[in-house]
Amino acid sequence: MSSPVTVWRNHKNLRNYLGKKAAVLVWTKIYIAPEGFEHEAPYFVAIVKLEDGRKMPLQMVECEEKDLTPNRKVTLVVRKLGKVGLDKVIEYGVKAKPRS
Amino acid sequence: MKIKVKGIGLTKFGELWDKSLLDLALEASIDAIKDSGINKSKIDAVFVGNMLTGKIAGQDHLGPVITSSLGLNAASFRIEGACASGGLAVHLAVQGILAGTYKNILVVGAEKMTDASSNQITWALMGASSSKERKAGLTFPALYALMTQAHMQKYGTTRKQLAQVSVKNHYHASLNKKAQYPYEITTEKVLNSNLISYPITLFDSSPITDGAGAIMLSAETDSKGVFITGSAVASDTIDLSERASLTELKATQIASKKALEQAGVGIKDIKVCEVHDCFTIAEVMAMEDLGVCPAGAGGKFIEKGNTRLNGKCPINTSGGLKACGHPVGATGVKQIIEITEQLRKSAGQRQVKDADIGLTQNVGGTGATVVVHVLQNL
Ligand SMILES: CC(C)(COP(=O)(O)OP(=O)(O)OC[C@H]1O[C@@H](n2cnc3c(N)ncnc32)[C@H](O)[C@@H]1OP(=O)(O)O)[C@@H](O)C(=O)NCCC(=O)NCCS
């Protein structure tokens, strides 16, 4: 996991994504997770396309398989990323939530 | 370009608990030196392809780790380009000889993966991806699962077609004593094995492997043998999502075009290929990007048996990454060794009849680095 100063620097960018709207292009459900994410498996990750045309990979939250139809609309939200590291700094990042 | 592959050496691939990285690298190196007939004192440089040892075993500076154990003071380098580290090491060695700096170069690809847990390896491999991908909790099987989904959506490729890659490569591996999984499997086995990252199952995936390969490259051109006649590298975005298309690797298209041009041959002249089938979809995209079949037609092409031994264009006669194994830094070197065996007509039961020109495609990450080599028996 990241050091406190990296977390602090990354957190400054979060506001650029908060509340943005996007659509799912492709998705997968991860059963074997990397170190730091094992406790969340299985979880969904999608490549989404933002309204400004940018594409990015995001972990999905509050999401079930039936929500993942092609072009499914999502909103970008801020959530805790992975496991809290040894130095106890909680890292937040951007994830995507299906829009109701 | 005409760089001689003068010697080859390959260890068994697998879960080799009693062997260290150095044991493996030395075994392959000594075999390659013996096979080349070159006196060890005539080696000018040693190029080592390796990805993970710094991260999972704390050992960097691998060049001298290997030269000193061989009793050499030759120039030594460690080259890293994710799963293309081995192919990159071969490419740079070719450049070293073409530049006239070195005459004889030993290229070693080695990786010791099974000392770490699967979760640790899954994390360590993600060093080859973007920070956004790491933060999203992605893994390599998951990145290739996204490409699989895109290929299925765009071209209607089916999981059953993809499974044929694994069935074929396990068949080839059953003829290869060095392979990690030298046994045949069925389509049902692939489809019904555990999901790793939907829709990729355990049997769509290359495994975690220990192993090493070494080749001796030489500037000598006045005798017959197997030569590298094309060697090219291309790159693409480190982040998969930033690409215009998720169903092709542009870097494969660029590198293969260059390497074939250098060799003065076309893809139709290639009799045997070793491609980077880290997941079943990767072999299908490789066939399409190399031009072995048209874009989108890979699923049907493999289903018809075209790429099986004795088919129209045999692919991955070693068993590929899937069944021969994928010790990441060694794979690019192993591919050259398999094609050399084929061109020397020493591949035994795996021998492709009339193999005189072959090609290797080695991928780093999700295609951010691709290395292509063309080899000919001249
Ligand atoms: C697919 C993967 C996650 C499986 O790891 P795992 O679930 O921890 O599997 P295990 O090591 O516990 O092995 C379980 C069994 O399956 C077998 N096995 C493991 N991987 C296998 C594979 N890819 N194919 C066939 N069998 C496999 C093992 O030999 C073992 O058999 P056993 O119980 O008879 O001894 C792992 O192989 C992997 O991460 N592969 C991808 C590597 C990668 O990404 N490389 C870079 C590509 S760019």
# chains A, B, ... in the order shown; residues from 1 in each chain; ligands from 1

$ residues_around --residues "region 80-86 of chain B" --least-positions-apart "3" --cutoff "6 Å" --atoms "only C-alpha atoms" --output "JSON, numbers by chain"
{"B": [49, 50, 51, 89, 109, 128, 328, 329, 330, 332, 333, 362, 363, 364]}

$ residues_near_ligand --ligand "ligand 1" --cutoff "8 Å" --atoms "only C-alpha atoms and all ligand atoms" --output "mmCIF file with C-alpha atoms, in the first residue's frame"
data_model
loop_
_atom_site.group_PDB
_atom_site.id
_atom_site.type_symbol
_atom_site.label_atom_id
_atom_site.label_comp_id
_atom_site.auth_asym_id
_atom_site.auth_seq_id
_atom_site.Cartn_x
_atom_site.Cartn_y
_atom_site.Cartn_z
ATOM 1 C CA ILE A 32 -8.247 -14.247 -7.156
ATOM 2 C CA CYS B 83 6.747 -10.619 -19.180
ATOM 3 C CA SER B 117 2.225 -17.119 -2.602
ATOM 4 C CA SER B 118 -0.290 -16.703 -5.471
ATOM 5 C CA ASN B 119 -1.587 -13.429 -3.969
ATOM 6 C CA ILE B 121 2.720 -13.035 -7.307
ATOM 7 C CA THR B 122 -0.590 -11.548 -8.467
ATOM 8 C CA LEU B 125 2.995 -8.935 -11.575
ATOM 9 C CA THR B 139 -4.963 -8.379 -11.799
ATOM 10 C CA PHE B 140 -3.422 -9.735 -15.005
ATOM 11 C CA PRO B 141 -6.084 -12.408 -15.429
ATOM 12 C CA TYR B 181 1.832 -29.602 -17.429
ATOM 13 C CA ILE B 196 -10.085 -16.723 -11.790
ATOM 14 C CA THR B 201 -10.900 -19.857 -15.730
ATOM 15 C CA LEU B 202 -7.856 -21.623 -14.260
ATOM 16 C CA PHE B 203 -7.357 -23.503 -17.539
ATOM 17 C CA ASP B 204 -7.544 -20.288 -19.602
ATOM 18 C CA SER B 205 -4.535 -19.040 -17.585
ATOM 19 C CA SER B 206 -0.832 -19.584 -17.785
ATOM 20 C CA PRO B 207 0.499 -20.850 -14.446
ATOM 21 C CA ILE B 208 3.053 -19.628 -11.916
ATOM 22 C CA CYS B 278 -0.604 -15.853 -21.138
ATOM 23 C CA PHE B 279 -4.400 -16.241 -21.324
ATOM 24 C CA LYS B 322 -0.350 -22.151 -20.813
ATOM 25 C CA ALA B 323 1.014 -25.657 -20.603
ATOM 26 C CA HIS B 326 5.379 -19.055 -17.849
ATOM 27 C CA VAL B 328 7.908 -14.551 -16.810
ATOM 28 C CA VAL B 363 4.304 -9.507 -24.682
ATOM 29 C CA GLY B 364 4.961 -7.331 -21.632
ATOM 30 C CA GLY B 365 1.948 -6.266 -19.554
ATOM 31 C CA THR B 366 -1.220 -6.029 -21.606
#

$ residues_around --residues "Lys29 (chain A)" --least-positions-apart "5" --cutoff "9 Å" --atoms "only C-alpha atoms" --output "list of chain:residue names"
A:Ala41, A:Pro42, A:Tyr43, A:Phe44, A:Val45, A:Ala46, A:Glu65, B:Ala142, B:Ala145, B:Leu195, B:Ile196, B:Ser197, B:Tyr198, B:Pro199

$ select_by_dssp --residues "chain A" --states "strand (DSSP E or B)" --output "JSON, numbers by chain"
{"A": [21, 22, 23, 24, 25, 26, 27, 28, 29, 30, 43, 44, 45, 46, 47, 48, 49, 50, 55, 56, 57, 58, 59, 60, 73, 74, 75, 76, 77, 78, 79, 80, 92, 93, 94, 95, 96, 97, 98]}

$ write_last_selection --atoms "C-alpha atoms" --output "PDB file, in the first residue's frame"
ATOM      1  CA  LYS A  21     -21.073  10.299 -14.910  1.00  0.00           C
ATOM      2  CA  ALA A  22     -19.822   7.416 -17.037  1.00  0.00           C
ATOM      3  CA  ALA A  23     -20.928   4.246 -18.857  1.00  0.00           C
ATOM      4  CA  VAL A  24     -19.613   0.675 -18.530  1.00  0.00           C
ATOM      5  CA  LEU A  25     -17.743  -0.627 -21.595  1.00  0.00           C
ATOM      6  CA  VAL A  26     -16.531  -4.026 -20.334  1.00  0.00           C
ATOM      7  CA  TRP A  27     -16.389  -5.663 -16.906  1.00  0.00           C
ATOM      8  CA  THR A  28     -14.978  -8.658 -15.042  1.00  0.00           C
ATOM      9  CA  LYS A  29     -15.522 -10.323 -11.681  1.00  0.00           C
ATOM     10  CA  ILE A  30     -12.259 -10.957  -9.853  1.00  0.00           C
ATOM     11  CA  TYR A  43     -15.510  -8.036  -6.698  1.00  0.00           C
ATOM     12  CA  PHE A  44     -16.355  -6.344  -9.994  1.00  0.00           C
ATOM     13  CA  VAL A  45     -14.043  -4.064 -12.004  1.00  0.00           C
ATOM     14  CA  ALA A  46     -15.084  -2.279 -15.203  1.00  0.00           C
ATOM     15  CA  ILE A  47     -13.557  -0.041 -17.837  1.00  0.00           C
ATOM     16  CA  VAL A  48     -15.880   2.955 -17.947  1.00  0.00           C
ATOM     17  CA  LYS A  49     -16.146   5.840 -20.396  1.00  0.00           C
ATOM     18  CA  LEU A  50     -16.667   9.289 -18.853  1.00  0.00           C
ATOM     19  CA  LYS A  55     -11.754   5.939 -20.230  1.00  0.00           C
ATOM     20  CA  MET A  56     -10.557   4.402 -16.978  1.00  0.00           C
ATOM     21  CA  PRO A  57     -10.656   1.158 -14.980  1.00  0.00           C
ATOM     22  CA  LEU A  58     -12.712   1.359 -11.774  1.00  0.00           C
ATOM     23  CA  GLN A  59     -13.782  -1.011  -9.061  1.00  0.00           C
ATOM     24  CA  MET A  60     -17.601  -1.228  -8.888  1.00  0.00           C
ATOM     25  CA  LYS A  73     -24.715   4.220 -16.557  1.00  0.00           C
ATOM     26  CA  VAL A  74     -22.612   4.745 -13.420  1.00  0.00           C
ATOM     27  CA  THR A  75     -21.612   7.609 -11.112  1.00  0.00           C
ATOM     28  CA  LEU A  76     -18.074   8.054  -9.781  1.00  0.00           C
ATOM     29  CA  VAL A  77     -17.853   7.979  -5.987  1.00  0.00           C
ATOM     30  CA  VAL A  78     -15.086   8.116  -3.379  1.00  0.00           C
ATOM     31  CA  ARG A  79     -14.452   4.969  -1.336  1.00  0.00           C
ATOM     32  CA  LYS A  80     -11.737   3.357   0.776  1.00  0.00           C
ATOM     33  CA  TYR A  92      -9.363   6.701  -0.557  1.00  0.00           C
ATOM     34  CA  GLY A  93      -9.893   6.467  -4.292  1.00  0.00           C
ATOM     35  CA  VAL A  94     -12.475   6.643  -7.049  1.00  0.00           C
ATOM     36  CA  LYS A  95     -14.929   3.799  -7.666  1.00  0.00           C
ATOM     37  CA  ALA A  96     -18.092   3.504  -9.764  1.00  0.00           C
ATOM     38  CA  LYS A  97     -21.653   2.925  -8.576  1.00  0.00           C
ATOM     39  CA  PRO A  98     -24.556   1.949 -10.883  1.00  0.00           C
TER      40      PRO A  98
END

$ select_by_dssp --residues "region 55-116 of chain B" --states "helix (DSSP H, G or I)" --output "PyMOL selection string"
chain B and resi 55-57+62-70+85-98

$ closest_residue --among "B:Val107, B:Ile315, B:Ala244, B:Ile281" --to "Gly53 (chain A)" --atoms "only C-alpha atoms"
B:Ala244

$ atom_distance --atom1 "CA of Arg134 (chain B)" --atom2 "CA of Tyr155 (chain B)"
28.4 Å

$ atom_distance --atom1 "CA of Gln95 (chain B)" --atom2 "CA of Ala234 (chain B)"
15.0 Å

$ residues_around --residues "region 287-296 of chain B" --least-positions-apart "4" --cutoff "9 Å" --atoms "only C-alpha atoms" --output "MDAnalysis selection string"
chainID B and resid 151 154:157 247:253 256:257 267:268 275 282:283 300:301 313 315 361

$ write_last_selection --atoms "N, CA, C and O atoms" --output "JSON list (two decimals), in the first residue's frame"
[["chain", "number", "residue", "atom", "x", "y", "z"],
["B", 151, "HIS", "N", -13.64, -8.79, -26.98],
["B", 151, "HIS", "CA", -13.56, -9.62, -28.19],
["B", 151, "HIS", "C", -14.88, -10.37, -28.40],
["B", 151, "HIS", "O", -15.38, -10.49, -29.52],
["B", 154, "LYS", "N", -17.51, -7.79, -29.59],
["B", 154, "LYS", "CA", -17.30, -7.27, -30.94],
["B", 154, "LYS", "C", -17.42, -8.33, -32.03],
["B", 154, "LYS", "O", -17.98, -8.09, -33.08],
["B", 155, "TYR", "N", -16.86, -9.53, -31.75],
["B", 155, "TYR", "CA", -16.77, -10.53, -32.81],
["B", 155, "TYR", "C", -17.59, -11.81, -32.54],
["B", 155, "TYR", "O", -17.59, -12.73, -33.36],
["B", 156, "GLY", "N", -18.21, -11.87, -31.38],
["B", 156, "GLY", "CA", -18.99, -13.07, -31.06],
["B", 156, "GLY", "C", -18.12, -14.28, -30.75],
["B", 156, "GLY", "O", -18.58, -15.43, -30.81],
["B", 157, "THR", "N", -16.86, -14.05, -30.41],
["B", 157, "THR", "CA", -15.96, -15.15, -30.02],
["B", 157, "THR", "C", -16.55, -15.84, -28.79],
["B", 157, "THR", "O", -17.07, -15.18, -27.89],
["B", 247, "THR", "N", -9.42, -4.99, -28.53],
["B", 247, "THR", "CA", -9.42, -6.32, -29.17],
["B", 247, "THR", "C", -8.19, -6.56, -30.04],
["B", 247, "THR", "O", -8.17, -7.50, -30.83],
["B", 248, "GLU", "N", -7.21, -5.70, -29.92],
["B", 248, "GLU", "CA", -5.97, -5.91, -30.69],
["B", 248, "GLU", "C", -4.80, -5.31, -29.91],
["B", 248, "GLU", "O", -5.00, -4.44, -29.07],
["B", 249, "LEU", "N", -3.58, -5.80, -30.20],
["B", 249, "LEU", "CA", -2.38, -5.19, -29.62],
["B", 249, "LEU", "C", -1.63, -4.51, -30.77],
["B", 249, "LEU", "O", -1.01, -5.17, -31.60],
["B", 250, "LYS", "N", -1.73, -3.17, -30.76],
["B", 250, "LYS", "CA", -1.09, -2.40, -31.83],
["B", 250, "LYS", "C", 0.42, -2.67, -31.86],
["B", 250, "LYS", "O", 1.04, -2.71, -32.93],
["B", 251, "ALA", "N", 1.01, -2.85, -30.66],
["B", 251, "ALA", "CA", 2.46, -3.06, -30.60],
["B", 251, "ALA", "C", 2.86, -4.36, -31.30],
["B", 251, "ALA", "O", 3.94, -4.45, -31.89],
["B", 252, "THR", "N", 1.98, -5.38, -31.27],
["B", 252, "THR", "CA", 2.28, -6.63, -32.00],
["B", 252, "THR", "C", 2.28, -6.34, -33.50],
["B", 252, "THR", "O", 3.15, -6.81, -34.24],
["B", 253, "GLN", "N", 1.28, -5.56, -33.93],
["B", 253, "GLN", "CA", 1.18, -5.27, -35.36],
["B", 253, "GLN", "C", 2.43, -4.52, -35.84],
["B", 253, "GLN", "O", 3.01, -4.85, -36.87],
["B", 256, "SER", "N", 5.76, -6.78, -35.49],
["B", 256, "SER", "CA", 5.85, -7.91, -36.42],
["B", 256, "SER", "C", 6.10, -7.42, -37.84],
["B", 256, "SER", "O", 6.85, -8.03, -38.59],
["B", 257, "LYS", "N", 5.48, -6.28, -38.18],
["B", 257, "LYS", "CA", 5.68, -5.74, -39.52],
["B", 257, "LYS", "C", 7.18, -5.43, -39.72],
["B", 257, "LYS", "O", 7.78, -5.81, -40.73],
["B", 267, "ILE", "N", 4.27, -13.04, -43.53],
["B", 267, "ILE", "CA", 3.70, -13.93, -42.50],
["B", 267, "ILE", "C", 3.33, -15.29, -43.12],
["B", 267, "ILE", "O", 3.42, -16.32, -42.46],
["B", 268, "LYS", "N", 3.02, -15.30, -44.40],
["B", 268, "LYS", "CA", 2.65, -16.58, -45.06],
["B", 268, "LYS", "C", 3.85, -17.52, -45.17],
["B", 268, "LYS", "O", 3.68, -18.73, -45.34],
["B", 275, "VAL", "N", 3.84, -17.87, -29.66],
["B", 275, "VAL", "CA", 3.24, -16.58, -29.28],
["B", 275, "VAL", "C", 2.91, -16.57, -27.80],
["B", 275, "VAL", "O", 2.90, -17.61, -27.15],
["B", 282, "ALA", "N", -5.18, -14.12, -25.47],
["B", 282, "ALA", "CA", -3.94, -13.52, -25.97],
["B", 282, "ALA", "C", -3.44, -14.23, -27.22],
["B", 282, "ALA", "O", -2.90, -13.61, -28.13],
["B", 283, "GLU", "N", -3.63, -15.57, -27.28],
["B", 283, "GLU", "CA", -3.18, -16.29, -28.48],
["B", 283, "GLU", "C", -4.09, -15.95, -29.67],
["B", 283, "GLU", "O", -3.62, -15.81, -30.80],
["B", 300, "LYS", "N", -12.68, -18.89, -34.83],
["B", 300, "LYS", "CA", -13.02, -19.94, -35.83],
["B", 300, "LYS", "C", -11.75, -20.61, -36.35],
["B", 300, "LYS", "O", -11.73, -21.81, -36.59],
["B", 301, "PHE", "N", -10.69, -19.80, -36.51],
["B", 301, "PHE", "CA", -9.43, -20.31, -37.08],
["B", 301, "PHE", "C", -8.85, -21.42, -36.19],
["B", 301, "PHE", "O", -8.44, -22.47, -36.68],
["B", 313, "CYS", "N", -0.77, -23.81, -39.78],
["B", 313, "CYS", "CA", 0.25, -22.95, -39.17],
["B", 313, "CYS", "C", 0.38, -23.28, -37.68],
["B", 313, "CYS", "O", -0.29, -22.68, -36.85],
["B", 315, "ILE", "N", 1.07, -23.37, -33.93],
["B", 315, "ILE", "CA", 1.42, -22.31, -32.97],
["B", 315, "ILE", "C", 1.64, -22.92, -31.60],
["B", 315, "ILE", "O", 0.87, -23.77, -31.14],
["B", 361, "GLN", "N", 6.61, -14.13, -30.59],
["B", 361, "GLN", "CA", 5.96, -12.88, -30.16],
["B", 361, "GLN", "C", 5.88, -12.92, -28.64],
["B", 361, "GLN", "O", 5.28, -13.83, -28.06]]

$ closest_residue --among "A:Arg54, A:Ala33, A:Ser100, A:Glu38" --to "Arg72 (chain A)" --atoms "only C-alpha atoms"
A:Ser100

$ atom_distance --atom1 "CA of Ser318 (chain B)" --atom2 "CA of Met126 (chain B)"
26.1 Å

$ closest_residue --among "B:Leu375, B:Leu175, B:Ala163, B:Ala75" --to "Gly348 (chain B)" --atoms "only C-alpha atoms"
B:Leu175

$ residues_around --residues "Cys273 (chain B)" --least-positions-apart "5" --cutoff "6 Å" --atoms "only C-alpha atoms" --output "PyMOL selection string"
chain B and resi 315+358-360

$ write_last_selection --atoms "N, CA, C and O atoms" --output "short mmCIF file (atom, residue, chain, number, x, y, z; two decimals), in the first residue's frame"
data_model
loop_
_atom_site.label_atom_id
_atom_site.label_comp_id
_atom_site.auth_asym_id
_atom_site.auth_seq_id
_atom_site.Cartn_x
_atom_site.Cartn_y
_atom_site.Cartn_z
N ILE B 315 1.07 -23.37 -33.93
CA ILE B 315 1.42 -22.31 -32.97
C ILE B 315 1.64 -22.92 -31.60
O ILE B 315 0.87 -23.77 -31.14
N GLY B 358 10.66 -19.34 -38.68
CA GLY B 358 9.76 -19.28 -37.52
C GLY B 358 9.71 -17.89 -36.93
O GLY B 358 10.53 -17.02 -37.26
N LEU B 359 8.72 -17.68 -36.05
CA LEU B 359 8.52 -16.34 -35.47
C LEU B 359 8.18 -16.49 -33.99
O LEU B 359 7.51 -17.45 -33.59
N THR B 360 8.63 -15.52 -33.19
CA THR B 360 8.24 -15.47 -31.78
C THR B 360 7.61 -14.12 -31.47
O THR B 360 8.02 -13.10 -32.04
#

$ residues_around --residues "Leu62 (chain B)" --least-positions-apart "4" --cutoff "8 Å" --atoms "only C-alpha atoms" --output "PDB file with C-alpha atoms, in the first residue's frame"
ATOM      1  CA  VAL B  48      19.794 -11.383 -18.178  1.00  0.00           C
ATOM      2  CA  ILE B  66      25.262 -14.803 -12.933  1.00  0.00           C
ATOM      3  CA  PHE B  77      23.173  -6.470 -17.711  1.00  0.00           C
ATOM      4  CA  ARG B  78      19.765  -7.214 -16.251  1.00  0.00           C
TER       5      ARG B  78
END

$ decode --residues "region 22-52 of chain A" --atoms "N, CA and C atoms" --output "PDB file, in the first residue's frame"
ATOM      1  N   ALA A  22     -20.550   8.251 -16.067  1.00  0.00           N
ATOM      2  CA  ALA A  22     -19.822   7.416 -17.037  1.00  0.00           C
ATOM      3  C   ALA A  22     -20.697   6.239 -17.442  1.00  0.00           C
ATOM      4  N   ALA A  23     -20.205   5.454 -18.440  1.00  0.00           N
ATOM      5  CA  ALA A  23     -20.928   4.246 -18.857  1.00  0.00           C
ATOM      6  C   ALA A  23     -19.949   3.077 -18.902  1.00  0.00           C
ATOM      7  N   VAL A  24     -20.459   1.878 -18.547  1.00  0.00           N
ATOM      8  CA  VAL A  24     -19.613   0.675 -18.530  1.00  0.00           C
ATOM      9  C   VAL A  24     -19.349   0.199 -19.959  1.00  0.00           C
ATOM     10  N   LEU A  25     -18.073  -0.048 -20.285  1.00  0.00           N
ATOM     11  CA  LEU A  25     -17.743  -0.627 -21.595  1.00  0.00           C
ATOM     12  C   LEU A  25     -17.597  -2.145 -21.474  1.00  0.00           C
ATOM     13  N   VAL A  26     -16.703  -2.589 -20.596  1.00  0.00           N
ATOM     14  CA  VAL A  26     -16.531  -4.026 -20.334  1.00  0.00           C
ATOM     15  C   VAL A  26     -16.276  -4.212 -18.838  1.00  0.00           C
ATOM     16  N   TRP A  27     -16.565  -5.408 -18.345  1.00  0.00           N
ATOM     17  CA  TRP A  27     -16.389  -5.663 -16.906  1.00  0.00           C
ATOM     18  C   TRP A  27     -15.887  -7.071 -16.672  1.00  0.00           C
ATOM     19  N   THR A  28     -15.374  -7.310 -15.456  1.00  0.00           N
ATOM     20  CA  THR A  28     -14.978  -8.658 -15.042  1.00  0.00           C
ATOM     21  C   THR A  28     -15.276  -8.804 -13.560  1.00  0.00           C
ATOM     22  N   LYS A  29     -15.349 -10.057 -13.109  1.00  0.00           N
ATOM     23  CA  LYS A  29     -15.522 -10.323 -11.681  1.00  0.00           C
ATOM     24  C   LYS A  29     -14.275 -11.050 -11.211  1.00  0.00           C
ATOM     25  N   ILE A  30     -13.563 -10.436 -10.279  1.00  0.00           N
ATOM     26  CA  ILE A  30     -12.259 -10.957  -9.853  1.00  0.00           C
ATOM     27  C   ILE A  30     -12.408 -11.887  -8.646  1.00  0.00           C
ATOM     28  N   TYR A  31     -11.971 -13.146  -8.819  1.00  0.00           N
ATOM     29  CA  TYR A  31     -12.040 -14.131  -7.738  1.00  0.00           C
ATOM     30  C   TYR A  31     -10.697 -14.251  -7.016  1.00  0.00           C
ATOM     31  N   ILE A  32      -9.579 -14.180  -7.777  1.00  0.00           N
ATOM     32  CA  ILE A  32      -8.247 -14.247  -7.156  1.00  0.00           C
ATOM     33  C   ILE A  32      -7.697 -12.819  -7.174  1.00  0.00           C
ATOM     34  N   ALA A  33      -7.573 -12.236  -5.976  1.00  0.00           N
ATOM     35  CA  ALA A  33      -7.231 -10.813  -5.866  1.00  0.00           C
ATOM     36  C   ALA A  33      -5.751 -10.629  -5.558  1.00  0.00           C
ATOM     37  N   PRO A  34      -5.231  -9.440  -5.844  1.00  0.00           N
ATOM     38  CA  PRO A  34      -3.852  -9.170  -5.436  1.00  0.00           C
ATOM     39  C   PRO A  34      -3.787  -8.926  -3.924  1.00  0.00           C
ATOM     40  N   GLU A  35      -2.573  -8.998  -3.378  1.00  0.00           N
ATOM     41  CA  GLU A  35      -2.372  -8.695  -1.964  1.00  0.00           C
ATOM     42  C   GLU A  35      -2.972  -7.324  -1.663  1.00  0.00           C
ATOM     43  N   GLY A  36      -3.685  -7.200  -0.569  1.00  0.00           N
ATOM     44  CA  GLY A  36      -4.297  -5.918  -0.224  1.00  0.00           C
ATOM     45  C   GLY A  36      -5.772  -5.861  -0.601  1.00  0.00           C
ATOM     46  N   PHE A  37      -6.210  -6.749  -1.493  1.00  0.00           N
ATOM     47  CA  PHE A  37      -7.612  -6.760  -1.929  1.00  0.00           C
ATOM     48  C   PHE A  37      -8.286  -8.112  -1.649  1.00  0.00           C
ATOM     49  N   GLU A  38      -7.520  -9.068  -1.051  1.00  0.00           N
ATOM     50  CA  GLU A  38      -8.043 -10.439  -0.873  1.00  0.00           C
ATOM     51  C   GLU A  38      -9.377 -10.437  -0.140  1.00  0.00           C
ATOM     52  N   HIS A  39      -9.501  -9.558   0.873  1.00  0.00           N
ATOM     53  CA  HIS A  39     -10.698  -9.574   1.726  1.00  0.00           C
ATOM     54  C   HIS A  39     -11.950  -9.113   0.966  1.00  0.00           C
ATOM     55  N   GLU A  40     -11.766  -8.487  -0.201  1.00  0.00           N
ATOM     56  CA  GLU A  40     -12.927  -7.988  -0.948  1.00  0.00           C
ATOM     57  C   GLU A  40     -13.412  -8.970  -2.011  1.00  0.00           C
ATOM     58  N   ALA A  41     -12.603  -9.972  -2.354  1.00  0.00           N
ATOM     59  CA  ALA A  41     -12.939 -10.894  -3.449  1.00  0.00           C
ATOM     60  C   ALA A  41     -14.159 -11.745  -3.098  1.00  0.00           C
ATOM     61  N   PRO A  42     -15.048 -12.084  -4.055  1.00  0.00           N
ATOM     62  CA  PRO A  42     -14.989 -11.595  -5.434  1.00  0.00           C
ATOM     63  C   PRO A  42     -15.573 -10.177  -5.548  1.00  0.00           C
ATOM     64  N   TYR A  43     -15.007  -9.403  -6.465  1.00  0.00           N
ATOM     65  CA  TYR A  43     -15.510  -8.036  -6.698  1.00  0.00           C
ATOM     66  C   TYR A  43     -15.482  -7.720  -8.190  1.00  0.00           C
ATOM     67  N   PHE A  44     -16.256  -6.709  -8.575  1.00  0.00           N
ATOM     68  CA  PHE A  44     -16.355  -6.344  -9.994  1.00  0.00           C
ATOM     69  C   PHE A  44     -15.430  -5.171 -10.313  1.00  0.00           C
ATOM     70  N   VAL A  45     -14.802  -5.214 -11.499  1.00  0.00           N
ATOM     71  CA  VAL A  45     -14.043  -4.064 -12.004  1.00  0.00           C
ATOM     72  C   VAL A  45     -14.484  -3.841 -13.452  1.00  0.00           C
ATOM     73  N   ALA A  46     -14.654  -2.583 -13.823  1.00  0.00           N
ATOM     74  CA  ALA A  46     -15.084  -2.279 -15.203  1.00  0.00           C
ATOM     75  C   ALA A  46     -14.186  -1.215 -15.813  1.00  0.00           C
ATOM     76  N   ILE A  47     -14.116  -1.209 -17.143  1.00  0.00           N
ATOM     77  CA  ILE A  47     -13.557  -0.041 -17.837  1.00  0.00           C
ATOM     78  C   ILE A  47     -14.759   0.819 -18.173  1.00  0.00           C
ATOM     79  N   VAL A  48     -14.741   2.066 -17.704  1.00  0.00           N
ATOM     80  CA  VAL A  48     -15.880   2.955 -17.947  1.00  0.00           C
ATOM     81  C   VAL A  48     -15.437   4.110 -18.834  1.00  0.00           C
ATOM     82  N   LYS A  49     -16.434   4.677 -19.542  1.00  0.00           N
ATOM     83  CA  LYS A  49     -16.146   5.840 -20.396  1.00  0.00           C
ATOM     84  C   LYS A  49     -16.854   7.047 -19.787  1.00  0.00           C
ATOM     85  N   LEU A  50     -16.097   8.078 -19.438  1.00  0.00           N
ATOM     86  CA  LEU A  50     -16.667   9.289 -18.853  1.00  0.00           C
ATOM     87  C   LEU A  50     -17.336  10.118 -19.946  1.00  0.00           C
ATOM     88  N   GLU A  51     -18.185  11.064 -19.521  1.00  0.00           N
ATOM     89  CA  GLU A  51     -18.905  11.871 -20.520  1.00  0.00           C
ATOM     90  C   GLU A  51     -17.951  12.694 -21.386  1.00  0.00           C
ATOM     91  N   ASP A  52     -16.761  13.032 -20.845  1.00  0.00           N
ATOM     92  CA  ASP A  52     -15.801  13.798 -21.655  1.00  0.00           C
ATOM     93  C   ASP A  52     -14.970  12.888 -22.579  1.00  0.00           C
TER      94      ASP A  52
END
